[in-house]
Number of protein chains: 2
Amino acid sequence: MATTGKVRGSYAKTPARRREILEAGIDVFSTSGFRSGSIREIAERVGMSQAGLLHHFSNKSELLAAVLELRDDRSAELVPIDDEHAGIESVRGFVNLMDYNATVPGLVELHCTLSAEATAAEHPAHQYFIDRYAFVVGQMTRAFERMRAAGQLVASTTPEGAARAMVALSDGLQVQWLLDRSSVDMAEEMRHYLRGILTVEL
Amino acid sequence: MATTGKVRGSYAKTPARRREILEAGIDVFSTSGFRSGSIREIAERVGMSQAGLLHHFSNKSELLAAVLELRDDRSAELVPIDDEHAGIESVRGFVNLMDYNATVPGLVELHCTLSAEATAAEHPAHQYFIDRYAFVVGQMTRAFERMRAAGQLVASTTPEGAARAMVALSDGLQVQWLLDRSSVDMAEEMRHYLRGILTVEL
DNA sequence: GTCTATAGAGGGATAGAC
DNA sequence: GTCTATCCCTCTATAGAC
């Protein structure tokens with residue numbers, strides 16, 4: 001017993017507090033980015049002082065890392081695309097994630113804003129995004145390789161090319177969608193692309 | 001005579017100075033974005049004080065607008081995609097622009113960083129990017145419409161869908177390329193996509 | 001046209017009380 | 001665990017001298 005809860009005292013609420021801070025962090029970093037978003041504003045949204053916030057995350061970069069981790073966990077929960085034997089299931093999972101994304105503009109904005117910012121070599125999330133793209137493109141490449149083996153991928157496309165194009169299309173559609181949400185149905189546009197390179201139904 | 005040059009005095013150099021500032025502005029805004037890039041740093045790069053810079057551009061937003069205008073002019077000069085009768089020529093122009101982009105990482109970074117930032121409604125370049133995407137997607141849509149009429153576009157694709165996908169693919173590939181330049185050949189990836197939706201050679 | 005000086009706002013992080 | 005106070009930094013924009 002008492003493996004998760006604390007022994008006593010008011011600091012038992014720390015995990016909940018951390019979670020509140022992370023939620024506010026998503027909001028602020030998504031609209032202002034990391035560099036120009038302030039931990040002061042995040043703290044205010046949670047109703048605490050900036051110094052109080054820094055009790056939970058010792059500095060701004062650490063908070064960013066925790067925000068990114070939370071986002072990853074949620075995507076992974078919602079759409080498991082990392083099954084080591086999945087082919088078309090991974091592709092379907094990716095498209096489902098795009099449908100889900102259309103319901104959470106904040107998360108989409110977070111991704112677009114931070115990935116563009118993190119393009120700069122000195123950005124605290126630079127390596128994170130390099131690794132993350134390598135991971136996602138890698139997963140999708142393997143999924144397409146299995147589909148190729150099953151004769152489900154058109155001959156003109158390489159698995160890696162398809163994977164990169166899929167990720168790129170997703171990112172680009174997000175920008176257009178954020179600028180004008182009525183302009184694009186992101187998942188539908190992706191399905192359209194996929195129909196062109198797959199020999200089977202989605 | 002004296003249509004472009006000034007009558008006399010040292011302020012004849014103003015246009016050149018403005019240009020220098022804009023070049024430095026591209027550098028700084030591309031790596032730091034608009035919000036966290038500072039006019040101070042831009043001024044330093046040109047070798048002048050921050051107050052001196054503000055003699056040429058009355059505030060930071062005005063400088064941003066001028067930077068974006070300069071970028072537009074360059075792209076337009078290099079790759080005319082706005083011919084009102086062009087079909088495949090516009091598509092070729094777009095791909096050529098992607099090849100050119102691979103030689104000017106700074107401009108690519110500027111676009112990615114600012115377009116993501118400008119996703120926020122209060123951003124000074126918000127409307128600019130809405131208009132710009134509408135323009136580019138519109139131009140490419142009309143080009144694909146002409147190609148459709150000429151039987152050069154596969155039946156499964158709509159002109160607007162193709163245009164949006166082309167722009168999205170371009171944007172997304174830029175992010176991956178900026179994070180790891182050895183990972184993607186942006187123009188080649190685009191040609192590959194186009195081969196799938198066109199019935200003629202590029 | 002460019003400078004210095006300065007106003008005025010906001011940021012991150014730390015120290016120390018409670 | 002949270003606060004106030006504070007340090008020190010950076011930023012934009014303006015005023016006014018040269």
# chains A, B, ... in the order shown; residues from 1 in each chain; ligands from 1
>>> calpha_fit_and_write(fixed="chain B", moving="chain A", output="compact mmCIF listing (two decimals) with C-alpha atoms, in the first residue's frame")
# COMPACT_ATOMS: atom_id res chain seq x y z
CA MET A 1 16.85 62.47 -64.06
CA ALA A 2 17.17 61.96 -60.36
CA THR A 3 14.07 59.85 -60.29
CA THR A 4 15.65 57.17 -58.17
CA GLY A 5 18.77 58.79 -56.69
CA LYS A 6 18.48 61.46 -54.05
CA VAL A 7 19.60 65.02 -54.69
CA ARG A 8 22.65 65.08 -52.46
CA GLY A 9 23.99 64.23 -49.08
CA SER A 10 24.82 60.94 -47.39
CA TYR A 11 21.24 59.70 -47.25
CA ALA A 12 21.49 58.59 -50.83
CA LYS A 13 22.47 55.22 -49.44
CA THR A 14 19.14 54.59 -47.75
CA PRO A 15 17.85 51.96 -50.19
CA ALA A 16 21.05 49.97 -49.78
CA ARG A 17 20.82 50.26 -46.03
CA ARG A 18 17.24 49.10 -46.05
CA ARG A 19 18.26 46.12 -48.10
CA GLU A 20 21.04 45.21 -45.66
CA ILE A 21 18.58 45.40 -42.80
CA LEU A 22 16.11 43.16 -44.61
CA GLU A 23 18.80 40.57 -45.29
CA ALA A 24 19.73 40.52 -41.62
CA GLY A 25 16.05 40.41 -40.79
CA ILE A 26 15.65 37.24 -42.81
CA ASP A 27 18.52 35.66 -40.90
CA VAL A 28 17.25 36.57 -37.46
CA PHE A 29 13.55 35.96 -38.02
CA SER A 30 14.30 32.64 -39.69
CA THR A 31 16.23 31.26 -36.76
CA SER A 32 14.37 32.91 -33.89
CA GLY A 33 10.98 33.66 -35.36
CA PHE A 34 9.33 37.06 -35.21
CA ARG A 35 8.29 37.07 -31.57
CA SER A 36 11.57 36.05 -30.07
CA GLY A 37 13.84 37.53 -32.73
CA SER A 38 14.93 41.02 -31.75
CA ILE A 39 15.45 44.14 -33.82
CA ARG A 40 18.44 44.74 -31.60
CA GLU A 41 20.16 41.69 -32.98
CA ILE A 42 19.22 42.59 -36.52
CA ALA A 43 20.68 46.03 -35.98
CA GLU A 44 23.90 44.60 -34.59
CA ARG A 45 24.36 42.39 -37.64
CA VAL A 46 24.15 45.43 -39.87
CA GLY A 47 26.50 47.26 -37.55
CA MET A 48 24.14 49.89 -36.31
CA SER A 49 22.17 50.71 -33.20
CA GLN A 50 18.63 49.59 -32.59
CA ALA A 51 17.43 53.18 -32.69
CA GLY A 52 19.22 53.65 -35.98
CA LEU A 53 17.35 50.72 -37.46
CA LEU A 54 14.04 52.15 -36.37
CA HIS A 55 14.76 55.16 -38.53
CA HIS A 56 14.26 52.89 -41.57
CA PHE A 57 11.34 50.84 -40.27
CA SER A 58 9.19 52.58 -37.75
CA ASN A 59 8.46 49.44 -35.77
CA LYS A 60 9.09 45.73 -35.62
CA SER A 61 5.94 44.65 -37.44
CA GLU A 62 6.67 46.97 -40.32
CA LEU A 63 10.09 45.39 -40.66
CA LEU A 64 8.48 41.95 -40.73
CA ALA A 65 6.11 43.02 -43.48
CA ALA A 66 9.03 44.30 -45.56
CA VAL A 67 10.94 41.06 -45.02
CA LEU A 68 7.98 39.01 -46.23
CA GLU A 69 7.54 41.26 -49.23
CA LEU A 70 11.18 40.83 -50.19
CA ARG A 71 10.86 37.07 -49.97
CA ASP A 72 7.77 37.12 -52.16
CA ASP A 73 9.46 39.24 -54.78
CA ARG A 74 12.37 36.84 -54.97
CA SER A 75 10.21 33.74 -55.32
CA ALA A 76 8.12 35.45 -57.96
CA GLU A 77 11.19 36.52 -59.92
CA LEU A 78 12.75 33.13 -59.81
CA VAL A 79 9.76 31.01 -60.59
CA PRO A 80 6.82 32.61 -62.33
CA ILE A 81 3.91 30.37 -61.47
CA ASP A 82 1.27 32.99 -62.02
CA ASP A 83 0.88 32.80 -65.75
CA GLU A 84 -2.86 32.90 -66.34
CA HIS A 85 -2.75 30.29 -69.11
CA ALA A 86 -0.15 27.92 -67.72
CA GLY A 87 -1.00 24.35 -66.81
CA ILE A 88 1.90 22.02 -66.43
CA GLU A 89 4.27 24.99 -66.62
CA SER A 90 2.97 26.18 -63.26
CA VAL A 91 3.49 22.75 -61.77
CA ARG A 92 7.02 22.67 -63.14
CA GLY A 93 7.64 26.13 -61.75
CA PHE A 94 6.54 24.96 -58.33
CA VAL A 95 8.91 22.00 -58.42
CA ASN A 96 11.74 24.23 -59.63
CA LEU A 97 11.10 26.49 -56.68
CA MET A 98 11.56 23.49 -54.41
CA ASP A 99 14.90 22.76 -56.03
CA TYR A 100 15.88 26.36 -55.54
CA ASN A 101 14.74 26.26 -51.94
CA ALA A 102 17.19 23.47 -51.23
CA THR A 103 19.95 25.99 -51.94
CA VAL A 104 18.65 28.62 -49.53
CA PRO A 105 17.97 27.00 -46.14
CA GLY A 106 17.49 30.41 -44.56
CA LEU A 107 14.47 31.17 -46.70
CA VAL A 108 12.99 27.75 -46.02
CA GLU A 109 13.44 28.22 -42.32
CA LEU A 110 11.87 31.66 -42.53
CA HIS A 111 8.80 30.24 -44.17
CA CYS A 112 8.38 27.30 -41.80
CA THR A 113 8.98 29.31 -38.66
CA LEU A 114 6.80 32.26 -39.56
CA SER A 115 3.92 30.30 -41.05
CA ALA A 116 3.67 28.20 -37.90
CA GLU A 117 3.93 31.25 -35.65
CA ALA A 118 1.37 33.10 -37.75
CA THR A 119 -1.14 30.40 -37.04
CA ALA A 120 -1.98 32.41 -33.94
CA ALA A 121 -4.77 34.88 -34.69
CA GLU A 122 -3.03 37.87 -33.11
CA HIS A 123 0.22 37.39 -34.96
CA PRO A 124 1.13 40.37 -37.17
CA ALA A 125 1.59 38.06 -40.16
CA HIS A 126 -1.60 36.05 -39.59
CA GLN A 127 -3.64 37.61 -42.36
CA TYR A 128 -0.62 37.66 -44.64
CA PHE A 129 -0.28 33.89 -44.49
CA ILE A 130 -4.00 33.28 -44.88
CA ASP A 131 -3.94 35.38 -48.05
CA ARG A 132 -0.74 33.83 -49.29
CA TYR A 133 -1.97 30.26 -48.95
CA ALA A 134 -5.23 31.19 -50.62
CA PHE A 135 -3.27 32.74 -53.45
CA VAL A 136 -0.85 29.87 -53.99
CA VAL A 137 -3.49 27.17 -53.66
CA GLY A 138 -5.68 29.20 -56.01
CA GLN A 139 -2.94 29.48 -58.63
CA MET A 140 -2.19 25.79 -58.52
CA THR A 141 -5.86 24.89 -58.55
CA ARG A 142 -6.32 26.80 -61.79
CA ALA A 143 -3.23 25.17 -63.25
CA PHE A 144 -4.64 21.73 -62.45
CA GLU A 145 -8.02 22.73 -63.87
CA ARG A 146 -6.35 23.48 -67.19
CA MET A 147 -4.55 20.17 -67.00
CA ARG A 148 -7.78 18.39 -66.26
CA ALA A 149 -9.33 19.97 -69.34
CA ALA A 150 -6.35 18.74 -71.35
CA GLY A 151 -6.74 15.25 -69.94
CA GLN A 152 -3.45 15.46 -68.07
CA LEU A 153 -4.82 14.89 -64.57
CA VAL A 154 -6.00 11.50 -63.36
CA ALA A 155 -9.74 11.21 -62.85
CA SER A 156 -9.59 10.35 -59.16
CA THR A 157 -8.15 13.73 -58.19
CA THR A 158 -9.84 17.11 -57.97
CA PRO A 159 -7.83 20.14 -59.05
CA GLU A 160 -8.19 21.77 -55.66
CA GLY A 161 -7.31 18.58 -53.82
CA ALA A 162 -4.18 18.21 -55.89
CA ALA A 163 -3.27 21.85 -55.27
CA ARG A 164 -3.75 21.59 -51.52
CA ALA A 165 -1.85 18.33 -51.34
CA MET A 166 1.02 19.80 -53.33
CA VAL A 167 1.35 22.78 -51.04
CA ALA A 168 0.98 20.63 -47.94
CA LEU A 169 3.56 18.14 -49.14
CA SER A 170 5.95 20.97 -49.84
CA ASP A 171 5.53 22.46 -46.38
CA GLY A 172 5.85 19.15 -44.60
CA LEU A 173 8.93 18.10 -46.52
CA GLN A 174 10.55 21.38 -45.58
CA VAL A 175 10.21 20.61 -41.89
CA GLN A 176 11.77 17.16 -42.29
CA TRP A 177 14.51 18.62 -44.45
CA LEU A 178 15.31 21.36 -41.95
CA LEU A 179 15.57 18.84 -39.14
CA ASP A 180 17.83 16.57 -41.20
CA ARG A 181 18.94 17.74 -44.61
CA SER A 182 20.23 14.36 -45.62
CA SER A 183 16.87 12.73 -45.06
CA VAL A 184 14.91 14.11 -48.00
CA ASP A 185 15.24 15.40 -51.53
CA MET A 186 12.26 17.70 -51.42
CA ALA A 187 11.81 18.29 -55.14
CA GLU A 188 12.33 14.64 -55.97
CA GLU A 189 9.70 13.57 -53.45
CA MET A 190 7.32 16.05 -55.02
CA ARG A 191 8.00 14.79 -58.53
CA HIS A 192 7.22 11.34 -57.27
CA TYR A 193 3.86 12.45 -55.96
CA LEU A 194 3.08 14.26 -59.19
CA ARG A 195 3.90 11.24 -61.33
CA GLY A 196 1.10 9.49 -59.48
CA ILE A 197 -1.54 12.05 -60.37
CA LEU A 198 -0.48 13.21 -63.84
CA THR A 199 -0.91 11.35 -67.09
CA VAL A 200 1.93 13.20 -68.76
CA GLU A 201 5.66 13.62 -68.16
CA LEU A 202 6.80 16.51 -66.04
>>> interface_residues(of="chain C", to="chain B", cutoff="10 Å", atoms="only C-alpha atoms (C1' of nucleotides)", output="compact mmCIF listing (two decimals) with C-alpha atoms (C1' of nucleotides), in the first residue's frame")
# COMPACT_ATOMS: atom_id res chain seq x y z
C1' DG C 1 20.98 59.12 -40.75
C1' DT C 2 22.74 57.64 -36.68
C1' DC C 3 23.76 57.90 -31.93
C1' DT C 4 23.06 57.74 -26.59
>>> closest_atom_pairs(of="chain D", to="chain A", cutoff="10 Å", atoms="only C-alpha atoms (C1' of nucleotides)", output="CSV")
residue,atom,partner,partner_atom,distance
D:DG1,C1',A:Tyr11,CA,6.4
D:DT2,C1',A:Gly52,CA,5.4
D:DC3,C1',A:Gly52,CA,7.3
D:DT4,C1',A:Ala51,CA,9.5
>>> atom_distance(atom1="atom C1' of D:DT6", atom2="atom C1' of C:DG16")
11.1 Å
>>> closest_atom_pairs(of="chain D", to="stretch 6-15 of chain C", cutoff="9 Å", atoms="only C-alpha atoms (C1' of nucleotides)", output="CSV")
residue,atom,partner,partner_atom,distance
D:DA5,C1',C:DA15,C1',9.0
D:DT6,C1',C:DA15,C1',8.7
D:DC7,C1',C:DT14,C1',8.4
D:DC9,C1',C:DG11,C1',8.1
D:DT10,C1',C:DG11,C1',7.6
D:DC11,C1',C:DG10,C1',8.1
D:DT12,C1',C:DA9,C1',9.0
D:DA13,C1',C:DA7,C1',8.9
D:DT14,C1',C:DA7,C1',8.2
D:DA15,C1',C:DT6,C1',8.6
